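To be precise, the following lines are final09.cif, and they hold mmCIF, C-alpha atoms (C1' of nucleotides).
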```
data_target
loop_
_atom_site.label_atom_id
_atom_site.label_comp_id
_atom_site.auth_asym_id
_atom_site.auth_seq_id
_atom_site.Cartn_x
_atom_site.Cartn_y
_atom_site.Cartn_z
CA MET A 1 116.72 74.75 21.11
CA LYS A 2 119.66 72.67 22.17
CA LEU A 3 121.29 71.70 25.44
CA GLY A 4 125.06 71.52 25.65
CA LYS A 5 126.85 68.19 25.90
CA GLY A 6 127.90 69.11 29.41
CA VAL A 7 124.35 68.47 30.59
CA GLU A 8 124.44 64.86 29.49
CA TRP A 9 127.96 64.35 30.76
CA CYS A 10 127.41 65.90 34.15
CA THR A 11 124.16 64.09 34.79
CA HIS A 12 125.82 60.73 34.20
CA ILE A 13 128.73 61.88 36.31
CA CYS A 14 126.50 62.80 39.24
CA GLY A 15 125.05 59.32 39.12
CA MET A 16 128.56 57.91 39.31
CA LEU A 17 129.81 60.25 42.02
CA ALA A 18 127.00 58.87 44.18
CA LEU A 19 129.06 55.70 44.40
CA VAL A 20 132.18 57.44 45.67
CA PRO A 21 132.96 56.67 49.34
CA GLU A 22 132.78 59.46 51.90
CA GLY A 23 135.88 61.67 51.87
CA LYS A 24 137.13 60.47 48.50
CA GLY A 25 136.86 61.96 45.02
CA LEU A 26 137.35 61.23 41.35
CA SER A 27 139.70 63.29 39.20
CA THR A 28 138.63 64.97 35.98
CA ASP A 29 140.89 62.61 34.05
CA ALA A 30 139.29 59.56 35.64
CA LEU A 31 135.80 60.84 34.80
CA ALA A 32 136.86 61.73 31.25
CA ASP A 33 138.31 58.26 30.79
CA PHE A 34 135.22 56.58 32.16
CA PHE A 35 132.92 58.28 29.66
CA GLU A 36 135.44 58.87 26.85
CA VAL A 37 134.86 62.59 26.73
CA PRO A 38 137.53 65.30 26.27
CA SER A 39 139.21 65.85 29.62
CA ALA A 40 140.04 69.55 29.26
CA TYR A 41 136.53 70.48 28.24
CA LEU A 42 134.95 68.33 30.92
CA ALA A 43 137.11 70.18 33.43
CA LYS A 44 135.34 73.40 32.42
CA GLN A 45 131.93 71.81 32.92
CA MET A 46 132.95 70.51 36.33
CA GLN A 47 133.97 74.01 37.34
CA LEU A 48 130.44 75.15 36.52
CA MET A 49 129.07 72.31 38.62
CA ARG A 50 131.27 73.32 41.48
CA ARG A 51 130.28 76.98 41.33
CA ALA A 52 126.67 75.86 41.39
CA GLY A 53 127.37 73.98 44.61
CA ILE A 54 126.45 70.57 43.21
CA VAL A 55 129.90 69.06 43.53
CA GLU A 56 132.87 70.01 45.63
CA SER A 57 136.52 69.76 44.70
CA VAL A 58 139.62 68.73 46.55
CA ARG A 59 142.80 70.19 45.15
CA GLY A 60 146.21 68.70 45.13
CA LYS A 61 147.45 65.17 44.84
CA GLY A 62 144.77 62.56 45.43
CA GLY A 63 142.08 65.18 45.03
CA GLY A 64 139.14 65.28 42.68
CA TYR A 65 135.40 65.80 42.66
CA ARG A 66 132.63 64.47 44.86
CA LEU A 67 128.99 65.37 45.41
CA ALA A 68 128.44 68.39 47.65
CA LEU A 69 124.82 67.41 48.34
CA SER A 70 122.89 64.25 48.97
CA VAL A 71 121.55 62.43 45.93
CA ASP A 72 117.98 63.42 46.71
CA ALA A 73 118.91 67.09 46.93
CA ILE A 74 120.31 67.23 43.37
CA THR A 75 117.78 67.52 40.58
CA LEU A 76 118.17 67.48 36.83
CA LEU A 77 117.09 71.10 36.85
CA ASP A 78 120.02 71.99 39.10
CA ILE A 79 122.40 70.45 36.61
CA VAL A 80 120.80 72.11 33.58
CA GLN A 81 120.92 75.50 35.25
CA ALA A 82 124.49 74.98 36.38
CA ILE A 83 125.64 74.23 32.84
CA GLU A 84 123.28 76.35 30.75
CA GLY A 85 122.84 79.31 33.01
CA PRO A 86 119.60 80.91 34.14
CA SER A 87 118.40 82.67 30.98
CA PRO A 88 115.15 81.38 29.47
CA ALA A 89 115.07 79.70 26.06
CA PHE A 90 112.55 82.15 24.64
CA ARG A 91 114.06 85.59 24.29
CA CYS A 92 111.50 88.36 24.11
CA THR A 93 112.92 91.36 22.28
CA GLU A 94 109.76 93.41 22.71
CA ILE A 95 109.09 93.77 19.03
CA ARG A 96 105.62 94.95 19.97
CA GLN A 97 107.33 98.27 20.67
CA ASN A 98 108.71 98.42 17.11
CA GLY A 99 107.39 99.74 13.84
CA PRO A 100 104.53 102.01 12.82
CA CYS A 101 102.14 100.65 15.46
CA GLY A 102 104.74 100.14 18.17
CA LEU A 103 103.52 100.41 21.74
CA LYS A 104 105.00 102.95 24.11
CA ARG A 105 107.50 101.67 26.64
CA LYS A 106 105.24 102.59 29.54
CA ASP A 107 102.42 100.47 28.12
CA CYS A 108 104.66 97.41 28.23
CA LYS A 109 105.20 96.99 31.92
CA ASN A 110 103.72 93.49 31.77
CA PRO A 111 105.18 90.84 29.47
CA CYS A 112 103.19 90.27 26.30
CA GLU A 113 100.88 87.28 25.95
CA ILE A 114 103.38 85.43 23.78
CA ALA A 115 106.25 85.87 26.21
CA SER A 116 103.97 84.77 29.05
CA ALA A 117 102.91 81.65 27.20
CA PHE A 118 106.50 80.60 26.62
CA ALA A 119 107.41 81.42 30.20
CA GLU A 120 104.62 79.13 31.42
CA ALA A 121 105.75 76.32 29.15
CA GLU A 122 109.31 76.63 30.37
CA GLU A 123 108.08 76.60 33.93
CA VAL A 124 106.34 73.22 33.51
CA TYR A 125 109.51 71.98 31.84
CA ARG A 126 111.60 73.07 34.78
CA GLU A 127 109.05 71.56 37.14
CA ALA A 128 109.42 68.18 35.44
CA LEU A 129 113.20 68.34 35.75
CA ARG A 130 112.94 69.51 39.34
CA ALA A 131 111.01 66.34 40.16
CA LYS A 132 113.84 64.08 38.99
CA THR A 133 116.61 63.73 41.51
CA ILE A 134 119.82 61.80 41.10
CA ALA A 135 118.41 59.42 43.69
CA VAL A 136 115.41 58.73 41.45
CA ILE A 137 117.53 58.34 38.34
CA ASN A 138 119.88 55.94 40.08
CA ALA A 139 117.01 53.92 41.50
CA GLU A 140 115.48 53.58 38.05
CA ALA A 141 118.83 52.63 36.58
CA ALA A 142 119.34 50.00 39.27
CA ALA A 143 115.89 48.59 38.57
CA ASN A 144 116.39 48.46 34.81
CA GLY A 145 120.06 47.56 34.58
CA SER A 146 121.88 44.35 35.34
CA PRO A 147 123.42 43.85 38.78
CA GLU A 148 126.59 42.69 37.04
CA HIS A 149 127.06 46.04 35.36
CA PHE A 150 126.40 47.88 38.59
CA MET A 151 129.11 45.85 40.32
CA GLU A 152 131.49 46.49 37.47
CA VAL A 153 131.03 50.24 37.85
CA ALA A 154 131.26 50.12 41.63
CA GLN A 155 134.52 48.19 41.42
CA TRP A 156 135.96 50.65 38.92
CA VAL A 157 135.19 53.46 41.34
CA GLN A 158 136.83 51.51 44.17
CA LYS A 159 139.97 51.08 42.12
CA GLN A 160 140.20 54.82 41.45
CA VAL A 161 139.89 55.94 45.03
CA SER A 162 142.15 53.33 46.58
CA MET B 1 119.02 76.19 25.43
CA LYS B 2 117.88 79.01 23.19
CA LEU B 3 115.12 79.55 20.67
CA GLY B 4 115.86 81.46 17.49
CA LYS B 5 114.50 84.94 16.93
CA GLY B 6 112.28 83.56 14.20
CA VAL B 7 110.06 81.99 16.84
CA GLU B 8 109.25 85.33 18.41
CA TRP B 9 108.86 87.04 15.05
CA CYS B 10 106.63 84.40 13.51
CA THR B 11 104.37 84.12 16.53
CA HIS B 12 103.68 87.84 16.48
CA ILE B 13 103.23 87.63 12.72
CA CYS B 14 100.65 84.85 12.99
CA GLY B 15 98.69 87.03 15.37
CA MET B 16 98.77 89.81 12.79
CA LEU B 17 97.96 87.64 9.80
CA ALA B 18 94.77 86.70 11.62
CA LEU B 19 93.57 90.23 10.81
CA VAL B 20 94.17 89.91 7.07
CA PRO B 21 90.93 89.72 5.05
CA GLU B 22 90.11 86.54 3.16
CA GLY B 23 91.98 86.25 -0.12
CA LYS B 24 94.55 88.91 0.71
CA GLY B 25 98.11 88.68 2.01
CA LEU B 26 100.97 90.68 3.51
CA SER B 27 104.37 90.83 1.84
CA THR B 28 107.59 90.00 3.62
CA ASP B 29 108.64 93.63 3.34
CA ALA B 30 105.43 94.82 4.95
CA LEU B 31 105.84 92.36 7.82
CA ALA B 32 109.50 93.30 8.24
CA ASP B 33 108.59 96.98 8.35
CA PHE B 34 105.83 96.41 10.86
CA PHE B 35 108.14 94.73 13.35
CA GLU B 36 111.41 96.36 12.32
CA VAL B 37 113.18 93.10 11.65
CA PRO B 38 115.56 92.33 8.78
CA SER B 39 113.49 91.59 5.70
CA ALA B 40 115.79 89.10 3.97
CA TYR B 41 116.18 86.99 7.06
CA LEU B 42 112.50 87.12 7.87
CA ALA B 43 111.87 85.82 4.34
CA LYS B 44 113.79 82.70 5.28
CA GLN B 45 111.71 82.17 8.40
CA MET B 46 108.50 82.62 6.44
CA GLN B 47 109.61 79.94 4.03
CA LEU B 48 109.94 77.57 6.97
CA MET B 49 106.46 78.55 8.08
CA ARG B 50 105.10 77.87 4.64
CA ARG B 51 106.76 74.44 4.36
CA ALA B 52 105.23 73.60 7.72
CA GLY B 53 101.82 74.42 6.30
CA ILE B 54 101.10 77.21 8.78
CA VAL B 55 100.99 80.01 6.24
CA GLU B 56 100.47 79.99 2.50
CA SER B 57 102.07 82.27 -0.04
CA VAL B 58 100.83 84.02 -3.14
CA ARG B 59 103.51 84.80 -5.66
CA GLY B 60 103.69 87.70 -8.02
CA LYS B 61 102.64 91.30 -7.73
CA GLY B 62 100.18 91.92 -4.95
CA GLY B 63 101.06 88.59 -3.37
CA GLY B 64 102.27 87.84 0.11
CA TYR B 65 101.56 85.60 3.06
CA ARG B 66 98.37 84.65 4.85
CA LEU B 67 97.41 81.97 7.33
CA ALA B 68 96.85 78.53 5.84
CA LEU B 69 94.86 77.34 8.86
CA SER B 70 92.28 78.79 11.20
CA VAL B 71 93.59 80.61 14.26
CA ASP B 72 92.50 77.83 16.58
CA ALA B 73 94.33 75.23 14.53
CA ILE B 74 97.72 76.92 14.90
CA THR B 75 99.54 76.37 18.17
CA LEU B 76 102.75 77.80 19.54
CA LEU B 77 104.20 74.31 19.28
CA ASP B 78 103.53 74.29 15.53
CA ILE B 79 105.49 77.50 15.15
CA VAL B 80 108.39 76.35 17.31
CA GLN B 81 108.68 73.11 15.39
CA ALA B 82 108.42 74.89 12.06
CA ILE B 83 111.32 77.20 12.92
CA GLU B 84 113.47 75.03 15.15
CA GLY B 85 112.90 71.66 13.56
CA PRO B 86 111.89 68.42 15.23
CA SER B 87 115.06 67.45 17.09
CA PRO B 88 114.84 67.40 20.89
CA ALA B 89 116.85 69.83 23.01
CA PHE B 90 118.55 67.07 24.97
CA ARG B 91 120.92 65.12 22.76
CA CYS B 92 121.74 61.68 24.08
CA THR B 93 125.09 60.52 22.76
CA GLU B 94 124.87 57.17 24.53
CA ILE B 95 127.97 57.73 26.61
CA ARG B 96 126.84 54.78 28.72
CA GLN B 97 128.30 52.68 25.91
CA ASN B 98 131.70 54.35 26.29
CA GLY B 99 134.73 53.71 28.44
CA PRO B 100 135.94 50.78 30.55
CA CYS B 101 132.45 49.88 31.80
CA GLY B 102 130.61 50.72 28.58
CA LEU B 103 127.45 48.74 27.91
CA LYS B 104 127.08 46.63 24.81
CA ARG B 105 125.01 48.09 21.99
CA LYS B 106 122.43 45.34 22.27
CA ASP B 107 121.86 46.14 25.96
CA CYS B 108 120.88 49.67 25.00
CA LYS B 109 117.72 49.10 23.06
CA ASN B 110 115.78 51.29 25.50
CA PRO B 111 116.81 54.88 26.16
CA CYS B 112 118.67 55.39 29.42
CA GLU B 113 116.89 56.81 32.46
CA ILE B 114 118.47 60.22 31.93
CA ALA B 115 117.40 60.48 28.31
CA SER B 116 113.90 59.36 29.31
CA ALA B 117 113.66 61.98 32.02
CA PHE B 118 114.58 64.76 29.62
CA ALA B 119 112.22 63.39 27.00
CA GLU B 120 109.38 63.51 29.52
CA ALA B 121 110.21 67.07 30.49
CA GLU B 122 110.26 68.16 26.88
CA GLU B 123 106.94 66.44 26.34
CA VAL B 124 105.21 68.48 29.05
CA TYR B 125 106.84 71.56 27.56
CA ARG B 126 105.44 70.74 24.16
CA GLU B 127 102.09 69.98 25.72
CA ALA B 128 101.95 73.44 27.24
CA LEU B 129 102.77 75.05 23.90
CA ARG B 130 100.27 72.81 22.14
CA ALA B 131 97.53 74.20 24.40
CA LYS B 132 98.16 77.77 23.28
CA THR B 133 96.62 78.59 19.93
CA ILE B 134 96.86 81.85 18.06
CA ALA B 135 93.17 82.26 18.84
CA VAL B 136 93.92 82.10 22.56
CA ILE B 137 96.87 84.45 22.30
CA ASN B 138 94.88 86.99 20.34
CA ALA B 139 91.96 86.78 22.74
CA GLU B 140 94.28 87.43 25.67
CA ALA B 141 95.91 90.30 23.83
CA ALA B 142 92.52 91.82 23.05
CA ALA B 143 91.53 91.53 26.69
CA ASN B 144 94.74 93.09 27.99
CA GLY B 145 95.44 95.66 25.30
CA SER B 146 93.73 98.91 24.49
CA PRO B 147 91.00 98.96 21.81
CA GLU B 148 92.75 101.99 20.31
CA HIS B 149 95.88 100.05 19.60
CA PHE B 150 93.91 97.18 18.12
CA MET B 151 92.19 99.60 15.73
CA GLU B 152 95.52 101.12 14.81
CA VAL B 153 96.90 97.74 13.82
CA ALA B 154 93.74 96.73 11.97
CA GLN B 155 93.84 99.95 9.97
CA TRP B 156 97.50 99.43 9.11
CA VAL B 157 96.64 95.99 7.76
CA GLN B 158 93.77 97.45 5.75
CA LYS B 159 96.09 99.98 4.16
CA GLN B 160 98.53 97.24 3.12
CA VAL B 161 96.00 95.01 1.41
CA SER B 162 94.03 97.72 -0.36
"C1'" DT C 1 106.61 94.72 -20.65
"C1'" DT C 2 107.23 96.32 -16.27
"C1'" DT C 3 106.84 95.69 -11.55
"C1'" DA C 4 106.24 93.32 -7.27
"C1'" DT C 5 106.58 89.26 -5.12
"C1'" DC C 6 107.95 84.47 -3.58
"C1'" DC C 7 111.54 80.71 -4.21
"C1'" DG C 8 115.93 78.47 -3.74
"C1'" DG C 9 120.64 78.52 -3.37
"C1'" DA C 10 124.96 80.55 -2.33
"C1'" DT C 11 127.50 83.17 0.64
"C1'" DA C 12 129.02 86.23 4.35
"C1'" DT C 13 129.08 87.53 9.27
"C1'" DC C 14 128.78 86.88 14.01
"C1'" DA C 15 128.05 84.55 18.39
"C1'" DA C 16 128.10 80.46 21.01
"C1'" DA C 17 129.54 75.79 21.83
"C1'" DT C 18 133.31 72.96 21.83
"C1'" DA C 19 138.04 72.12 22.76
"C1'" DT C 20 142.91 72.88 24.06
"C1'" DC C 21 146.68 74.83 26.56
"C1'" DC C 22 149.27 77.10 30.14
"C1'" DG C 23 150.74 79.21 34.44
"C1'" DA C 24 149.39 79.50 39.30
"C1'" DT C 25 148.10 77.25 43.38
"C1'" DT C 26 147.23 73.53 46.51
"C1'" DT C 27 148.32 69.25 48.67
"C1'" DG C 28 150.02 64.58 49.61
"C1'" DA C 29 154.01 61.68 49.47
"C1'" DG C 30 158.76 60.59 49.35
"C1'" DC D 1 162.21 70.40 50.81
"C1'" DT D 2 161.08 68.74 46.59
"C1'" DC D 3 158.29 66.34 43.35
"C1'" DA D 4 154.13 64.84 41.38
"C1'" DA D 5 149.19 65.13 41.04
"C1'" DA D 6 145.40 67.71 40.96
"C1'" DT D 7 142.07 71.89 40.59
"C1'" DC D 8 141.63 76.90 39.14
"C1'" DG D 9 141.35 80.65 36.10
"C1'" DG D 10 142.43 82.79 31.98
"C1'" DA D 11 143.69 82.92 27.21
"C1'" DT D 12 142.99 81.13 22.91
"C1'" DA D 13 141.85 78.20 19.03
"C1'" DT D 14 138.30 75.57 16.34
"C1'" DT D 15 133.90 74.30 14.91
"C1'" DT D 16 129.15 74.85 14.55
"C1'" DG D 17 124.92 77.18 14.29
"C1'" DA D 18 122.29 81.48 14.17
"C1'" DT D 19 121.89 85.56 11.87
"C1'" DA D 20 121.94 88.15 7.72
"C1'" DT D 21 122.49 89.41 2.80
"C1'" DC D 22 122.36 88.82 -2.08
"C1'" DC D 23 121.15 87.11 -6.55
"C1'" DG D 24 118.97 84.66 -10.46
"C1'" DG D 25 114.67 82.39 -11.61
"C1'" DA D 26 109.67 81.88 -11.60
"C1'" DT D 27 105.14 83.88 -11.17
"C1'" DA D 28 101.45 86.95 -11.63
"C1'" DA D 29 99.08 91.43 -11.70
"C1'" DA D 30 98.83 95.92 -13.88
#
```
For the structure just supplied, provide its representation as structure tokens.
Amino acid sequence: MKLGKGVEWCTHICGMLALVPEGKGLSTDALADFFEVPSAYLAKQMQLMRRAGIVESVRGKGGGYRLALSVDAITLLDIVQAIEGPSPAFRCTEIRQNGPCGLKRKDCKNPCEIASAFAEAEEVYREALRAKTIAVINAEAAANGSPEHFMEVAQWVQKQVS
Amino acid sequence: MKLGKGVEWCTHICGMLALVPEGKGLSTDALADFFEVPSAYLAKQMQLMRRAGIVESVRGKGGGYRLALSVDAITLLDIVQAIEGPSPAFRCTEIRQNGPCGLKRKDCKNPCEIASAFAEAEEVYREALRAKTIAVINAEAAANGSPEHFMEVAQWVQKQVS
DNA sequence: TTTATCCGGATATCAAATATCCGATTTGAG
DNA sequence: CTCAAATCGGATATTTGATATCCGGATAAA
């Protein structure tokens, strides 16, 4: 039961990309430097984000990544699913069909009670993540953090895109 | 984001152990045969269950495992935590402290907004699993399944403990 | 004493996460 | 046109964790 590092990285990155001016972008190297994470591996995560439609890329000199959607259209769930894929955490292998008292295949059209219970739990989990947009996260961060730090970050972004 | 097979196995096993008569137990081999799972590996999972206080073991000939608690005192969350351990799925590595705009350690006494959001989501997930006891699961299974199959399983258990 | 069982540790195997590298392509700038 | 900067996709290590097996010791019933 573990989420990949890419989830943490990309969530922070989305918060930062929100500060990037229209038409500009930040390169993988710039993002990797900002968070001190391995550039080559981050590049792979950003490709997943792009395929999921969360960010868009501009190739060639001066290119980089920027958000493909507005900050209130990107949820934490979107990011998790982009990085981790769609498969549920609980994997039902239908062991009720095994062994001396195994059920017949045809009697197992519906998921078993255990699989259903885990599916429900994962659904409320996803629902909680779906309720948190980048806009919300950034608003909370602005409320809790110092204005000085915010300016510092904003100026760093400015320097990169100029 | 993946739960180990032991979670599925042990949940089904708890449902079965509920049928074991007072004072008796089922051996690891019997459980492994019933569900067609590898015996040696299942033994490891059962040790985790025992250390978590969910089942208790009887050593020596004729021994085995039985529930250590009543069926309405064992939740799916208990089983997940027994097998998977206590660590959360989202691992915050405090990358906000990294890089050119990294925050000072002392300004990071509270978890960041992202870590908090994931912690909340995992809490509702745990809450959902906490609401599902073995008693509930078994009641649902009894309601959905055929009485014939229930008898078949009960008789198999009888044969093992006699 | 023999047999069946759990216990703990050591170890092997396999899959996934993490990480790096390279060649191809695109694009802006000189 | 050429060069440099950047993403893209694929190939490939490396590391970690999940999966799986085995064995020697302890325990208890027959």
If the cut-off is 7 Å, can you tell me the residues of chain A near chain D, counting all atoms listed in the file? I'd like them as a PyMOL selection string.
chain A and resi 59-64
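Within 6 Å of B:Val71, once only C-alpha atoms (C1' of nucleotides) are used and residues closer than 2 positions along the same chain are dropped, the contacting residues are Ala73, Ile74, Ile134 and Ala135 of chain B.
Proximity of C:DG30, C:DT1, C:DG8, C:DA24 to chain B, computed with only C-alpha atoms (C1' of nucleotides), is greatest for C:DG8.
Applied to the file shown here, the PyMOL selection byres ((chain B and resi 38) around 12) selects the residues Lys5, Gly6, Trp9, Thr28, Asp29, Ala30, Leu31, Ala32, Asp33, Phe34, Phe35, Glu36, Val37, Ser39, Ala40, Tyr41, Leu42, Ala43, Lys44 and Gln45 of chain B; DT19, DA20 and DT21 of chain D.
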Please return, as a PyMOL selection string, all residues of chain A lying within 7 Å of chain B when only C-alpha atoms are considered.
chain A and resi 1-3+8+33-36+84+89-90+92+95+98-101+113-114+121-122+124-125+128-129+137+140-141+152-153
Which residue out of A:Ile79, A:Met16, A:Glu22, A:Val58 has the minimum interatomic distance to chain C when only C-alpha atoms (C1' of nucleotides) are used?
A:Val58
Kindly provide, as a list in words, the residues of chain C having any atom no farther than 6 Å from an atom of chain A, counting all atoms listed in the file.
DA19, DT26, DT27 and DG28 of chain C
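For the pair atom CA of B:Ser27 and atom CA of B:Leu69, the interatomic distance is 17.9 Å.
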For atom C1' of C:DG9 and atom CA of B:Cys14, the interatomic separation in Å (one decimal):
26.6 Å
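Proximity of A:Gln47, A:Ser57, A:Gln158, A:Ser70 to A:Ile83, computed with all atoms listed in the file, is greatest for A:Gln47.
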Using only C-alpha atoms (C1' of nucleotides), collect all residues at a distance of at most 7 Å from (126.2, 69.6, 45.1) as written in the file, then present them as a VMD selection string.
chain A and resid 53 to 56 67 to 69 74
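Atom C1' of C:DC6 sits 12.8 Å away from atom CA of B:Arg51.
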Would you pull chain C out of the block just shown and save C-alpha atoms (C1' of nucleotides) as a CSV table (one decimal), in the first residue's frame?
```
chain,number,residue,atom,x,y,z
C,1,DT,C1',9.2,-41.5,20.9
C,2,DT,C1',6.9,-40.2,17.0
C,3,DT,C1',4.2,-37.0,14.7
C,4,DA,C1',2.1,-32.7,13.6
C,5,DT,C1',2.2,-28.1,14.3
C,6,DC,C1',3.8,-23.2,15.1
C,7,DC,C1',7.9,-20.1,15.4
C,8,DG,C1',11.8,-17.5,13.7
C,9,DG,C1',15.4,-16.7,10.7
C,10,DA,C1',17.7,-17.2,6.5
C,11,DT,C1',17.5,-17.2,1.8
C,12,DA,C1',15.9,-17.4,-3.0
C,13,DT,C1',13.0,-15.6,-6.8
C,14,DC,C1',10.3,-12.4,-9.1
C,15,DA,C1',8.0,-8.0,-10.2
C,16,DA,C1',7.7,-3.2,-9.6
C,17,DA,C1',9.6,1.2,-8.5
C,18,DT,C1',13.4,4.0,-9.2
C,19,DA,C1',16.9,5.8,-12.1
C,20,DT,C1',19.9,6.5,-16.1
C,21,DC,C1',21.0,6.9,-20.9
C,22,DC,C1',20.6,7.5,-25.8
C,23,DG,C1',18.9,8.4,-30.4
C,24,DA,C1',15.1,10.8,-32.8
C,25,DT,C1',12.5,14.9,-33.3
C,26,DT,C1',11.1,19.5,-32.8
C,27,DT,C1',11.9,24.4,-32.4
C,28,DG,C1',14.0,28.9,-31.5
C,29,DA,C1',18.0,31.7,-32.2
C,30,DG,C1',22.1,33.1,-34.4
```
